[in-house]
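Asks: Enclosed is the structure file run.txt (compact mmCIF, C-alpha atoms).
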# COMPACT_ATOMS: atom_id res chain seq x y z
CA MET P 1 -11.82 11.70 28.11
CA THR P 2 -8.82 9.59 28.95
CA PHE P 3 -6.67 7.03 27.14
CA PRO P 4 -9.07 4.09 27.65
CA ASP P 5 -11.79 6.08 25.85
CA TYR P 6 -9.52 6.47 22.84
CA PHE P 7 -8.00 3.00 22.67
CA PRO P 8 -10.59 0.78 20.94
CA ILE P 9 -9.53 -2.58 22.35
CA TRP P 10 -9.07 -1.47 25.96
CA ASP P 11 -11.88 -3.81 27.04
CA GLN P 12 -10.03 -6.77 25.61
CA LEU P 13 -6.88 -6.23 27.68
CA ARG P 14 -6.15 -7.96 30.98
CA GLN P 15 -5.64 -5.80 34.07
CA ASP P 16 -1.85 -6.29 34.10
CA GLN P 17 -1.71 -5.30 30.42
CA ARG P 18 -3.75 -2.16 31.13
CA ASP P 19 -1.47 -1.25 34.02
CA ARG P 20 1.65 -1.70 31.91
CA LEU P 21 0.19 0.41 29.12
CA LEU P 22 -0.92 3.26 31.38
CA GLU P 23 2.42 3.36 33.22
CA SER P 24 4.40 3.67 30.00
CA LEU P 25 2.27 6.28 28.21
CA MET P 26 3.45 9.79 27.50
CA LEU P 27 1.07 12.60 26.51
CA ARG P 28 2.74 15.12 24.22
CA THR P 29 1.65 18.32 22.51
CA VAL P 30 3.53 19.61 19.48
CA PRO P 31 3.07 22.78 17.43
CA ARG P 32 2.05 22.74 13.79
CA GLY P 33 4.93 21.82 11.48
CA THR P 34 6.68 19.44 13.89
CA VAL P 35 8.12 16.36 12.20
CA LEU P 36 7.30 13.49 14.54
CA HIS P 37 8.93 10.72 12.60
CA ASN P 38 11.07 10.15 9.54
CA GLY P 39 13.41 7.50 8.22
CA ASP P 40 16.44 8.86 10.08
CA MET P 41 14.82 8.87 13.49
CA ASP P 42 14.88 6.09 16.00
CA CYS P 43 11.71 4.16 16.51
CA THR P 44 9.37 6.77 17.94
CA GLY P 45 6.62 4.45 19.18
CA LEU P 46 2.93 4.24 18.38
CA LEU P 47 1.05 7.52 18.35
CA LEU P 48 -2.60 7.78 19.32
CA VAL P 49 -4.03 11.17 18.35
CA LYS P 50 -6.05 12.90 21.05
CA SER P 51 -6.67 16.09 19.06
CA GLY P 52 -5.18 17.81 16.07
CA GLN P 53 -4.06 16.52 12.67
CA LEU P 54 -1.07 14.55 11.40
CA ARG P 55 0.00 14.02 7.82
CA ALA P 56 1.90 10.97 6.54
CA TYR P 57 3.87 11.46 3.35
CA ILE P 58 6.72 10.04 1.31
CA LEU P 59 9.62 11.99 -0.17
CA SER P 60 11.30 11.53 -3.52
CA PRO P 61 15.11 11.59 -3.76
CA GLU P 62 14.73 15.17 -5.06
CA GLY P 63 12.58 16.23 -2.13
CA ARG P 64 9.15 16.08 -3.82
CA GLU P 65 6.38 15.02 -1.46
CA ILE P 66 3.16 13.11 -1.80
CA THR P 67 0.57 12.85 0.96
CA LEU P 68 -0.40 9.27 1.78
CA TYR P 69 -3.10 9.96 4.37
CA ARG P 70 -4.08 12.10 7.34
CA LEU P 71 -4.67 11.08 10.94
CA PHE P 72 -7.27 12.76 13.16
CA ASP P 73 -8.67 12.32 16.68
CA ARG P 74 -8.62 8.66 17.76
CA ASP P 75 -6.42 7.58 14.86
CA MET P 76 -3.37 5.51 15.63
CA CYS P 77 -0.09 5.90 13.76
CA LEU P 78 1.69 2.59 13.22
CA PHE P 79 4.51 3.65 10.94
CA SER P 80 6.23 5.68 13.62
CA ALA P 81 6.86 2.27 15.22
CA SER P 82 8.02 0.44 12.10
CA CYS P 83 10.86 -1.11 14.16
CA ILE P 84 8.37 -3.53 15.70
CA LEU P 85 6.88 -4.43 12.31
CA ARG P 86 10.00 -5.81 10.70
CA SER P 87 8.35 -6.33 7.33
CA ILE P 88 7.67 -2.61 6.88
CA GLN P 89 10.41 -1.70 4.44
CA PHE P 90 9.44 1.82 3.48
CA GLU P 91 9.93 5.21 5.02
CA VAL P 92 7.09 7.52 5.86
CA THR P 93 7.42 11.01 7.30
CA ILE P 94 4.84 12.04 9.90
CA GLU P 95 4.26 15.75 10.43
CA ALA P 96 1.80 17.73 12.56
CA GLU P 97 -0.41 19.81 10.24
CA LYS P 98 -2.04 21.51 13.23
CA GLU P 99 -1.14 21.74 16.88
CA THR P 100 -1.57 18.12 17.91
CA GLN P 101 -1.88 16.30 21.20
CA PHE P 102 -1.18 12.59 21.25
CA TRP P 103 -0.16 9.67 23.42
CA VAL P 104 3.07 7.84 22.70
CA ILE P 105 3.11 4.10 23.41
CA PRO P 106 6.74 2.97 23.64
CA PRO P 107 7.55 0.37 20.96
CA GLU P 108 8.76 -2.33 23.36
CA VAL P 109 5.57 -2.06 25.44
CA TYR P 110 3.36 -2.40 22.37
CA GLN P 111 5.45 -5.20 20.95
CA ARG P 112 5.04 -7.26 24.12
CA LEU P 113 1.27 -6.67 24.03
CA MET P 114 1.12 -7.82 20.40
CA GLU P 115 3.07 -10.97 21.19
CA GLU P 116 0.88 -12.01 24.10
CA SER P 117 -2.55 -10.80 22.93
CA ALA P 118 -4.33 -11.97 19.78
CA PRO P 119 -6.81 -9.03 20.02
CA VAL P 120 -3.92 -6.51 20.02
CA ALA P 121 -2.22 -8.33 17.13
CA ASN P 122 -5.46 -8.43 15.11
CA TYR P 123 -6.23 -4.79 15.87
CA THR P 124 -2.76 -3.87 14.60
CA GLY P 125 -3.41 -5.88 11.44
CA GLU P 126 -6.71 -4.07 10.90
CA LEU P 127 -4.96 -0.71 11.29
CA MET P 128 -2.39 -1.72 8.73
CA ALA P 129 -5.14 -2.89 6.37
CA ASP P 130 -6.81 0.54 6.78
CA ARG P 131 -3.66 2.40 5.80
CA PHE P 132 -2.99 -0.08 3.02
CA SER P 133 -6.46 0.59 1.64
CA GLU P 134 -5.85 4.34 1.69
CA VAL P 135 -2.57 3.93 -0.16
CA MET P 136 -4.18 1.63 -2.74
CA TRP P 137 -6.91 4.20 -3.28
CA LEU P 138 -4.23 6.84 -3.79
CA MET P 139 -2.32 4.64 -6.23
CA GLU P 140 -5.46 4.08 -8.26
CA GLN P 141 -6.00 7.86 -8.34
CA ILE P 142 -2.45 8.44 -9.51
CA MET P 143 -2.56 5.67 -12.11
CA TRP P 144 -5.98 6.15 -13.60
CA LYS P 145 -7.07 9.69 -12.78
CA SER P 146 -5.84 12.89 -14.36
CA LEU P 147 -4.47 15.73 -12.25
CA ASP P 148 -7.49 18.03 -12.73
CA LYS P 149 -9.73 15.43 -11.09
CA ARG P 150 -7.26 14.80 -8.26
CA LEU P 151 -6.90 18.55 -7.64
CA ALA P 152 -10.69 19.03 -7.54
CA ALA P 153 -11.06 16.13 -5.08
CA PHE P 154 -8.20 17.50 -2.95
CA LEU P 155 -9.74 21.00 -2.68
CA LEU P 156 -13.08 19.55 -1.61
CA GLU P 157 -11.41 17.28 0.96
CA GLU P 158 -9.50 20.25 2.40
CA ALA P 159 -12.71 22.27 2.60
CA ALA P 160 -14.37 19.41 4.48
CA ILE P 161 -11.45 19.03 6.92
CA GLU P 162 -11.19 22.78 7.58
CA GLY P 163 -14.93 23.41 7.56
CA THR P 164 -14.58 26.38 5.20
CA ASN P 165 -14.50 27.16 1.49
CA GLN P 166 -11.77 29.78 2.06
CA LEU P 167 -8.65 27.63 2.01
CA LYS P 168 -5.43 29.15 3.32
CA ILE P 169 -3.03 27.09 1.28
CA THR P 170 -0.20 27.81 -1.15
CA HIS P 171 0.20 26.25 -4.57
CA GLU P 172 3.50 24.79 -3.36
CA THR P 173 1.72 23.00 -0.50
CA ILE P 174 -0.93 21.60 -2.84
CA ALA P 175 1.82 20.36 -5.16
CA ASN P 176 3.44 18.60 -2.21
CA HIS P 177 0.22 16.86 -1.29
CA LEU P 178 -0.34 15.63 -4.83
CA GLY P 179 3.26 14.77 -5.74
CA SER P 180 3.22 17.41 -8.48
CA HIS P 181 5.10 20.65 -9.25
CA ARG P 182 4.03 24.15 -8.18
CA GLU P 183 3.93 25.41 -11.77
CA VAL P 184 1.62 22.60 -12.82
CA ILE P 185 -0.75 23.27 -9.92
CA THR P 186 -0.77 27.03 -10.59
CA ARG P 187 -1.69 26.42 -14.22
CA MET P 188 -4.51 24.07 -13.26
CA LEU P 189 -5.86 26.42 -10.56
CA ARG P 190 -5.91 29.28 -13.09
CA TYR P 191 -7.93 27.07 -15.40
CA PHE P 192 -10.33 26.36 -12.52
CA GLN P 193 -10.53 30.12 -11.88
CA ASN P 194 -11.29 30.86 -15.55
CA GLU P 195 -14.07 28.31 -15.32
CA GLY P 196 -15.47 30.09 -12.25
CA MET P 197 -14.94 27.16 -9.90
CA VAL P 198 -12.41 28.90 -7.62
CA LYS P 199 -11.06 32.35 -6.90
CA LEU P 200 -7.34 32.76 -6.26
CA SER P 201 -5.66 35.36 -4.08
CA ARG P 202 -2.35 35.51 -2.23
CA GLY P 203 -2.00 32.32 -0.15
CA MET P 204 -5.73 31.57 -0.60
CA VAL P 205 -7.96 29.41 -2.76
CA ALA P 206 -11.67 30.17 -2.40
CA ILE P 207 -14.10 27.55 -3.65
CA LEU P 208 -16.90 29.26 -5.58
CA ASP P 209 -18.62 26.32 -7.23
CA GLY P 210 -18.24 23.19 -5.09
CA GLY P 211 -20.84 21.36 -7.15
CA ARG P 212 -18.82 21.55 -10.34
CA LEU P 213 -15.60 20.65 -8.52
CA LYS P 214 -17.39 17.62 -7.15
CA GLU P 215 -18.62 16.56 -10.58
CA LEU P 216 -15.08 16.86 -11.85
CA GLY P 217 -13.55 15.08 -8.85
CA VAL P 218 -15.78 12.02 -8.93
CA SER P 219 -15.91 11.56 -12.69
CA MET E 1 7.37 -31.79 1.37
CA THR E 2 4.00 -31.35 3.04
CA PHE E 3 1.93 -28.42 4.31
CA PRO E 4 3.77 -28.12 7.67
CA ASP E 5 7.04 -27.60 5.76
CA TYR E 6 5.49 -24.70 3.91
CA PHE E 7 3.60 -23.01 6.72
CA PRO E 8 6.17 -20.95 8.66
CA ILE E 9 4.42 -20.82 12.03
CA TRP E 10 3.37 -24.47 12.16
CA ASP E 11 5.60 -24.98 15.24
CA GLN E 12 3.68 -22.28 17.10
CA LEU E 13 0.28 -23.95 16.69
CA ARG E 14 -1.33 -26.22 19.27
CA GLN E 15 -2.15 -29.80 18.27
CA ASP E 16 -5.89 -29.11 17.97
CA GLN E 17 -5.17 -26.09 15.76
CA ARG E 18 -2.91 -28.20 13.54
CA ASP E 19 -5.58 -30.89 13.25
CA ARG E 20 -8.26 -28.36 12.31
CA LEU E 21 -5.99 -26.80 9.69
CA LEU E 22 -4.99 -30.11 8.08
CA GLU E 23 -8.59 -31.35 7.99
CA SER E 24 -9.82 -28.25 6.19
CA LEU E 25 -7.06 -27.90 3.58
CA MET E 26 -7.60 -28.40 -0.12
CA LEU E 27 -4.71 -28.88 -2.55
CA ARG E 28 -5.52 -27.51 -6.00
CA THR E 29 -3.68 -27.30 -9.30
CA VAL E 30 -4.72 -24.73 -11.90
CA PRO E 31 -3.44 -24.13 -15.43
CA ARG E 32 -1.72 -20.93 -16.48
CA GLY E 33 -4.16 -18.06 -17.00
CA THR E 34 -6.67 -19.13 -14.33
CA VAL E 35 -8.13 -16.21 -12.38
CA LEU E 36 -8.21 -17.38 -8.77
CA HIS E 37 -9.74 -14.31 -7.24
CA ASN E 38 -11.28 -11.00 -8.18
CA GLY E 39 -13.61 -8.46 -6.67
CA ASP E 40 -16.75 -10.25 -7.87
CA MET E 41 -15.90 -13.63 -6.38
CA ASP E 42 -16.82 -14.89 -2.99
CA CYS E 43 -14.11 -15.06 -0.41
CA THR E 44 -11.79 -17.67 -1.85
CA GLY E 45 -9.68 -18.30 1.25
CA LEU E 46 -5.97 -18.02 1.92
CA LEU E 47 -3.72 -19.51 -0.72
CA LEU E 48 -0.33 -20.99 0.11
CA VAL E 49 1.70 -21.58 -3.05
CA LYS E 50 3.37 -25.01 -3.30
CA SER E 51 4.78 -24.47 -6.78
CA GLY E 52 4.17 -22.15 -9.71
CA GLN E 53 3.60 -18.42 -9.91
CA LEU E 54 0.71 -16.08 -9.14
CA ARG E 55 0.31 -12.46 -10.12
CA ALA E 56 -1.65 -9.85 -8.16
CA TYR E 57 -2.85 -6.84 -10.11
CA ILE E 58 -5.39 -4.05 -10.10
CA LEU E 59 -7.63 -3.02 -12.97
CA SER E 60 -8.65 0.46 -14.06
CA PRO E 61 -12.27 1.21 -14.97
CA GLU E 62 -11.15 0.98 -18.62
CA GLY E 63 -9.51 -2.41 -18.12
CA ARG E 64 -5.89 -1.30 -17.88
CA GLU E 65 -3.82 -3.44 -15.52
CA ILE E 66 -0.89 -2.85 -13.26
CA THR E 67 1.01 -5.65 -11.55
CA LEU E 68 1.31 -5.19 -7.79
CA TYR E 69 3.49 -8.19 -6.97
CA ARG E 70 4.14 -11.86 -7.72
CA LEU E 71 3.82 -14.86 -5.42
CA PHE E 72 6.11 -17.88 -5.67
CA ASP E 73 6.69 -21.13 -3.76
CA ARG E 74 5.95 -20.75 -0.04
CA ASP E 75 4.26 -17.36 -0.49
CA MET E 76 0.86 -16.85 1.06
CA CYS E 77 -1.89 -14.83 -0.59
CA LEU E 78 -3.96 -12.84 1.89
CA PHE E 79 -6.08 -10.76 -0.44
CA SER E 80 -8.03 -13.72 -1.72
CA ALA E 81 -9.41 -13.82 1.84
CA SER E 82 -10.14 -10.13 2.21
CA CYS E 83 -13.51 -11.02 3.76
CA ILE E 84 -11.74 -11.88 7.01
CA LEU E 85 -9.73 -8.64 6.96
CA ARG E 86 -12.62 -6.23 7.03
CA SER E 87 -10.41 -3.17 6.65
CA ILE E 88 -9.15 -4.26 3.23
CA GLN E 89 -11.18 -1.96 1.03
CA PHE E 90 -9.58 -2.56 -2.34
CA GLU E 91 -9.91 -5.17 -5.02
CA VAL E 92 -7.02 -7.21 -6.27
CA THR E 93 -7.16 -9.80 -9.04
CA ILE E 94 -5.06 -12.95 -8.56
CA GLU E 95 -4.11 -14.91 -11.66
CA ALA E 96 -1.88 -17.93 -12.24
CA GLU E 97 1.01 -16.91 -14.49
CA LYS E 98 2.20 -20.50 -14.71
CA GLU E 99 0.61 -23.83 -13.81
CA THR E 100 0.34 -23.45 -10.06
CA GLN E 101 -0.27 -25.84 -7.20
CA PHE E 102 -1.46 -24.37 -3.92
CA TRP E 103 -3.28 -25.13 -0.71
CA VAL E 104 -6.51 -23.32 0.08
CA ILE E 105 -7.18 -22.55 3.74
CA PRO E 106 -10.92 -21.84 4.14
CA PRO E 107 -11.50 -18.28 5.42
CA GLU E 108 -13.51 -19.31 8.51
CA VAL E 109 -10.80 -21.74 9.61
CA TYR E 110 -8.08 -19.13 9.29
CA GLN E 111 -10.20 -16.47 10.96
CA ARG E 112 -10.70 -18.66 14.03
CA LEU E 113 -6.94 -19.32 14.20
CA MET E 114 -6.24 -15.59 14.01
CA GLU E 115 -8.71 -14.85 16.78
CA GLU E 116 -7.31 -17.42 19.19
CA SER E 117 -3.59 -17.29 18.38
CA ALA E 118 -1.36 -14.21 18.71
CA PRO E 119 1.38 -15.88 16.59
CA VAL E 120 -1.08 -16.44 13.71
CA ALA E 121 -2.39 -12.86 14.04
CA ASN E 122 1.14 -11.43 14.08
CA TYR E 123 2.22 -13.60 11.17
CA THR E 124 -0.76 -12.30 9.18
CA GLY E 125 0.22 -8.73 10.03
CA GLU E 126 3.78 -9.38 8.86
CA LEU E 127 2.47 -10.77 5.57
CA MET E 128 0.35 -7.69 5.09
CA ALA E 129 3.32 -5.46 5.88
CA ASP E 130 5.35 -7.36 3.23
CA ARG E 131 2.75 -6.74 0.55
CA PHE E 132 2.29 -3.16 1.72
CA SER E 133 6.04 -2.62 1.33
CA GLU E 134 5.95 -4.00 -2.21
CA VAL E 135 3.09 -1.70 -3.14
CA MET E 136 4.85 1.31 -1.59
CA TRP E 137 7.98 0.47 -3.58
CA LEU E 138 5.84 0.31 -6.71
CA MET E 139 4.18 3.63 -5.94
CA GLU E 140 7.56 5.28 -5.50
CA GLN E 141 8.62 3.84 -8.87
CA ILE E 142 5.50 5.19 -10.53
CA MET E 143 5.74 8.59 -8.88
CA TRP E 144 9.41 9.32 -9.13
CA LYS E 145 10.80 7.07 -11.84
CA SER E 146 10.39 7.46 -15.57
CA LEU E 147 9.02 4.65 -17.73
CA ASP E 148 12.36 3.82 -19.40
CA LYS E 149 13.84 2.96 -16.00
CA ARG E 150 10.78 0.96 -14.96
CA LEU E 151 10.81 -0.96 -18.26
CA ALA E 152 14.52 -1.77 -17.89
CA ALA E 153 13.98 -2.99 -14.32
CA PHE E 154 10.95 -5.05 -15.42
CA LEU E 155 12.84 -6.82 -18.24
CA LEU E 156 15.67 -7.76 -15.87
CA GLU E 157 13.21 -9.03 -13.26
CA GLU E 158 11.46 -11.18 -15.86
CA ALA E 159 14.81 -12.59 -17.01
CA ALA E 160 15.65 -13.47 -13.40
CA ILE E 161 12.26 -15.13 -12.81
CA GLU E 162 12.36 -17.11 -16.06
CA GLY E 163 16.07 -17.88 -15.91
CA THR E 164 16.64 -16.77 -19.51
CA ASN E 165 17.43 -13.65 -21.52
CA GLN E 166 15.01 -14.75 -24.26
CA LEU E 167 11.70 -13.45 -22.93
CA LYS E 168 8.52 -14.76 -24.52
CA ILE E 169 6.33 -11.77 -23.82
CA THR E 170 4.19 -9.41 -25.87
CA HIS E 171 4.30 -5.62 -25.70
CA GLU E 172 0.66 -5.71 -24.61
CA THR E 173 1.55 -7.92 -21.62
CA ILE E 174 4.41 -5.64 -20.62
CA ALA E 175 2.07 -2.64 -20.83
CA ASN E 176 -0.36 -4.47 -18.52
CA HIS E 177 2.35 -5.12 -15.96
CA LEU E 178 3.45 -1.50 -15.94
CA GLY E 179 0.05 0.17 -16.19
CA SER E 180 1.02 1.70 -19.53
CA HIS E 181 -0.23 1.47 -23.14
CA ARG E 182 1.06 -0.95 -25.76
CA GLU E 183 2.08 1.84 -28.13
CA VAL E 184 4.16 3.51 -25.45
CA ILE E 185 5.95 0.27 -24.60
CA THR E 186 6.61 -0.52 -28.27
CA ARG E 187 8.17 2.90 -28.76
CA MET E 188 10.39 2.50 -25.72
CA LEU E 189 11.44 -1.04 -26.69
CA ARG E 190 12.41 0.19 -30.16
CA TYR E 191 14.54 2.84 -28.52
CA PHE E 192 16.19 0.11 -26.39
CA GLN E 193 16.75 -1.90 -29.60
CA ASN E 194 18.33 1.06 -31.37
CA GLU E 195 20.65 1.42 -28.41
CA GLY E 196 21.63 -2.26 -28.71
CA MET E 197 20.19 -3.25 -25.31
CA VAL E 198 17.52 -5.64 -26.63
CA LYS E 199 16.53 -7.40 -29.85
CA LEU E 200 12.84 -7.59 -30.75
CA SER E 201 11.10 -10.31 -32.71
CA ARG E 202 7.54 -11.59 -32.87
CA GLY E 203 6.36 -12.24 -29.30
CA MET E 204 9.95 -12.09 -28.01
CA VAL E 205 12.27 -9.64 -26.33
CA ALA E 206 15.90 -10.79 -26.15
CA ILE E 207 18.16 -9.01 -23.69
CA LEU E 208 21.51 -8.30 -25.36
CA ASP E 209 23.11 -5.93 -22.88
CA GLY E 210 21.88 -6.66 -19.37
CA GLY E 211 24.59 -4.46 -17.88
CA ARG E 212 23.31 -1.31 -19.55
CA LEU E 213 19.70 -2.18 -18.73
CA LYS E 214 20.75 -2.58 -15.12
CA GLU E 215 22.52 0.77 -15.09
CA LEU E 216 19.38 2.36 -16.50
CA GLY E 217 17.06 0.49 -14.13
CA VAL E 218 18.81 1.38 -10.89
CA SER E 219 19.64 5.00 -11.72
Mind turning the file's structure into structure tokens?

Replies:
Amino acid sequence: MTFPDYFPIWDQLRQDQRDRLLESLMLRTVPRGTVLHNGDMDCTGLLLVKSGQLRAYILSPEGREITLYRLFDRDMCLFSASCILRSIQFEVTIEAEKETQFWVIPPEVYQRLMEESAPVANYTGELMADRFSEVMWLMEQIMWKSLDKRLAAFLLEEAAIEGTNQLKITHETIANHLGSHREVITRMLRYFQNEGMVKLSRGMVAILDGGRLKELGVS
Amino acid sequence: MTFPDYFPIWDQLRQDQRDRLLESLMLRTVPRGTVLHNGDMDCTGLLLVKSGQLRAYILSPEGREITLYRLFDRDMCLFSASCILRSIQFEVTIEAEKETQFWVIPPEVYQRLMEESAPVANYTGELMADRFSEVMWLMEQIMWKSLDKRLAAFLLEEAAIEGTNQLKITHETIANHLGSHREVITRMLRYFQNEGMVKLSRGMVAILDGGRLKELGVS
């Protein structure tokens, strides 16, 4: 599997555009925990994930985090190239949650493609609309949904991503995903444990009753 | 002032594209309070505001509102044409806050322009990035900022939009803008009044000390 297999509008590029893209690409592998982009960094470029998992989050002035979305195989990260989208006026941090391999498309190469190709420009717009939709979903959760429901939905999502009900995750990390405080998450998890929905141990949350979590999460 | 004066990328269109656009346009005027778009309606088309004021907001399942952003003269509303941006997976309601005059660009006409013109596609992406940035700003406010600060910032914004410190607005309406409850807003406004920052009367909030509100709002 090579870059053209991962880049959805490859077929709509001219040969000279394909050549330019392939010549400029870099394939990188980073270990878990690497911060690939934040507000202080120069424009990193567009990232196309080959394998692994990235997390996009925002930071409060006091250092609290909230996860906006995750990127998996074949997902493209636009916000690491916010320099070429001048109207993007917010800062997102992108971090590898697992060892991740990805292609970097240099910003000036992508910008030229966008300017000369309507398919590339429209694809970029669709990507932005995707992320926008995820953030709107999140905002609706935050505005209208209580933390117990958001926590239940988060645990189930993690279990689906990891393919296991034995989640290796700290309360601090969960708080960072949900924009909450560790103490608040610990209290809520203990309530879930008392209700028999999870079992807590050091650095672990085991899901015992996914059905009830699901009922809670979707209600 | 005609449509070409209001449409920022007019100069980058070909003559046949300009003709198609002008032939398909409709100029409409709606009274204050008109709902121009919501999730149940068909795809309304793109709206380009000539004069007046539109409000975009989301609704909770229980009918609570939160204002996402406002559109003024020369602003273009994309989300009333979400049918042509397939990745937009959320529902926004668009309502006229004042008598508003606007052009409607039919969705199929705009879609064809986007498909054949990189400038139109890129312009659309920039518009989406603008709105995305406004929503991200709002989310950061909601996540990290307390309601007193948000209320102070809201009152000052209203005063700037209306050009007066005598705001004709109910507590219910303010609550709808901020995604809060009327009772909560009334309590906070009374606190502001006790502090000498505002004066409350029936259906009115008068700003007495804009300087202190500003200090509170930006802190």

Asks: Select residues of chain P: the criterion is any atom within 10 Å of an atom of chain E, counting all atoms listed in the file; output as a PyMOL selection string.

Replies: chain P and resi 58-62+64-66+82+85-92+113-145+179-180

Asks: Can I get the selection written as a compact mmCIF listing (two decimals), in the frame of the given file, with C-alpha atoms?

Replies:
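Result file follows (result.txt):
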# COMPACT_ATOMS: atom_id res chain seq x y z
CA ILE P 58 6.72 10.04 1.31
CA LEU P 59 9.62 11.99 -0.17
CA SER P 60 11.30 11.53 -3.52
CA PRO P 61 15.11 11.59 -3.76
CA GLU P 62 14.73 15.17 -5.06
CA ARG P 64 9.15 16.08 -3.82
CA GLU P 65 6.38 15.02 -1.46
CA ILE P 66 3.16 13.11 -1.80
CA SER P 82 8.02 0.44 12.10
CA LEU P 85 6.88 -4.43 12.31
CA ARG P 86 10.00 -5.81 10.70
CA SER P 87 8.35 -6.33 7.33
CA ILE P 88 7.67 -2.61 6.88
CA GLN P 89 10.41 -1.70 4.44
CA PHE P 90 9.44 1.82 3.48
CA GLU P 91 9.93 5.21 5.02
CA VAL P 92 7.09 7.52 5.86
CA LEU P 113 1.27 -6.67 24.03
CA MET P 114 1.12 -7.82 20.40
CA GLU P 115 3.07 -10.97 21.19
CA GLU P 116 0.88 -12.01 24.10
CA SER P 117 -2.55 -10.80 22.93
CA ALA P 118 -4.33 -11.97 19.78
CA PRO P 119 -6.81 -9.03 20.02
CA VAL P 120 -3.92 -6.51 20.02
CA ALA P 121 -2.22 -8.33 17.13
CA ASN P 122 -5.46 -8.43 15.11
CA TYR P 123 -6.23 -4.79 15.87
CA THR P 124 -2.76 -3.87 14.60
CA GLY P 125 -3.41 -5.88 11.44
CA GLU P 126 -6.71 -4.07 10.90
CA LEU P 127 -4.96 -0.71 11.29
CA MET P 128 -2.39 -1.72 8.73
CA ALA P 129 -5.14 -2.89 6.37
CA ASP P 130 -6.81 0.54 6.78
CA ARG P 131 -3.66 2.40 5.80
CA PHE P 132 -2.99 -0.08 3.02
CA SER P 133 -6.46 0.59 1.64
CA GLU P 134 -5.85 4.34 1.69
CA VAL P 135 -2.57 3.93 -0.16
CA MET P 136 -4.18 1.63 -2.74
CA TRP P 137 -6.91 4.20 -3.28
CA LEU P 138 -4.23 6.84 -3.79
CA MET P 139 -2.32 4.64 -6.23
CA GLU P 140 -5.46 4.08 -8.26
CA GLN P 141 -6.00 7.86 -8.34
CA ILE P 142 -2.45 8.44 -9.51
CA MET P 143 -2.56 5.67 -12.11
CA TRP P 144 -5.98 6.15 -13.60
CA LYS P 145 -7.07 9.69 -12.78
CA GLY P 179 3.26 14.77 -5.74
CA SER P 180 3.22 17.41 -8.48

Asks: Just the number, please: distance in Å from CA of Ile174 (chain P) to CA of His37 (chain P), one decimal.

Replies: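 Distance between the two atoms: 21.3 Å.
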
Asks: Using only C-alpha atoms for the distances, tell me which of E:Ile94, E:Leu21, E:Ile84, E:Ile105 is nearest to Leu47 (chain E).

Replies: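 Among the listed residues, the smallest separation from Leu47 (chain E) belongs to E:Ile105.
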
Asks: Quick one: residues within 12 Å of region 185-200 of chain E, only C-alpha atoms, excluding same-chain residues fewer than 5 positions away - as an NGL selection string?

Replies: :E and (146-152 or 154-156 or 165-180 or 205-216)

Asks: Quick check, in Å to one decimal: how far apart do CA of Val104 (chain P) and CA of Gly33 (chain P) lie?

Replies: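 Computing it gives 18.0 Å between the two atoms.
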
Asks: Just to confirm, what's the straight-line distance from CA of Gln12 (chain E) to CA of Gln12 (chain P) in Å (one decimal)?

Replies: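 Those two atoms sit 22.4 Å apart.
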
Asks: Report as a ChimeraX atom specification all protein, DNA and RNA residues lying within 12 Å of Phe72 (chain E), evaluated on all atoms listed in the file, omitting residues in the same chain fewer than 2 positions from it.

Replies: /E:6,47-56,69-70,74-77,96-102,161

Asks: Store the residues picked out above in a file with C-alpha atoms, as an mmCIF file, keeping the file's coordinate frame.

Replies:
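After the write, part-v1.cif holds the following:
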data_model
loop_
_atom_site.group_PDB
_atom_site.id
_atom_site.type_symbol
_atom_site.label_atom_id
_atom_site.label_comp_id
_atom_site.auth_asym_id
_atom_site.auth_seq_id
_atom_site.Cartn_x
_atom_site.Cartn_y
_atom_site.Cartn_z
ATOM 1 C CA TYR E 6 5.490 -24.700 3.910
ATOM 2 C CA LEU E 47 -3.720 -19.510 -0.720
ATOM 3 C CA LEU E 48 -0.330 -20.990 0.110
ATOM 4 C CA VAL E 49 1.700 -21.580 -3.050
ATOM 5 C CA LYS E 50 3.370 -25.010 -3.300
ATOM 6 C CA SER E 51 4.780 -24.470 -6.780
ATOM 7 C CA GLY E 52 4.170 -22.150 -9.710
ATOM 8 C CA GLN E 53 3.600 -18.420 -9.910
ATOM 9 C CA LEU E 54 0.710 -16.080 -9.140
ATOM 10 C CA ARG E 55 0.310 -12.460 -10.120
ATOM 11 C CA ALA E 56 -1.650 -9.850 -8.160
ATOM 12 C CA TYR E 69 3.490 -8.190 -6.970
ATOM 13 C CA ARG E 70 4.140 -11.860 -7.720
ATOM 14 C CA ARG E 74 5.950 -20.750 -0.040
ATOM 15 C CA ASP E 75 4.260 -17.360 -0.490
ATOM 16 C CA MET E 76 0.860 -16.850 1.060
ATOM 17 C CA CYS E 77 -1.890 -14.830 -0.590
ATOM 18 C CA ALA E 96 -1.880 -17.930 -12.240
ATOM 19 C CA GLU E 97 1.010 -16.910 -14.490
ATOM 20 C CA LYS E 98 2.200 -20.500 -14.710
ATOM 21 C CA GLU E 99 0.610 -23.830 -13.810
ATOM 22 C CA THR E 100 0.340 -23.450 -10.060
ATOM 23 C CA GLN E 101 -0.270 -25.840 -7.200
ATOM 24 C CA PHE E 102 -1.460 -24.370 -3.920
ATOM 25 C CA ILE E 161 12.260 -15.130 -12.810
#

Asks: Which residues are close to Pro4 (chain P), i.e. within 10 Å by all atoms listed in the file, leaving aside same-chain residues fewer than 6 positions away? Reply as a PyMOL selection string.

Replies: chain P and resi 10-11+18+22
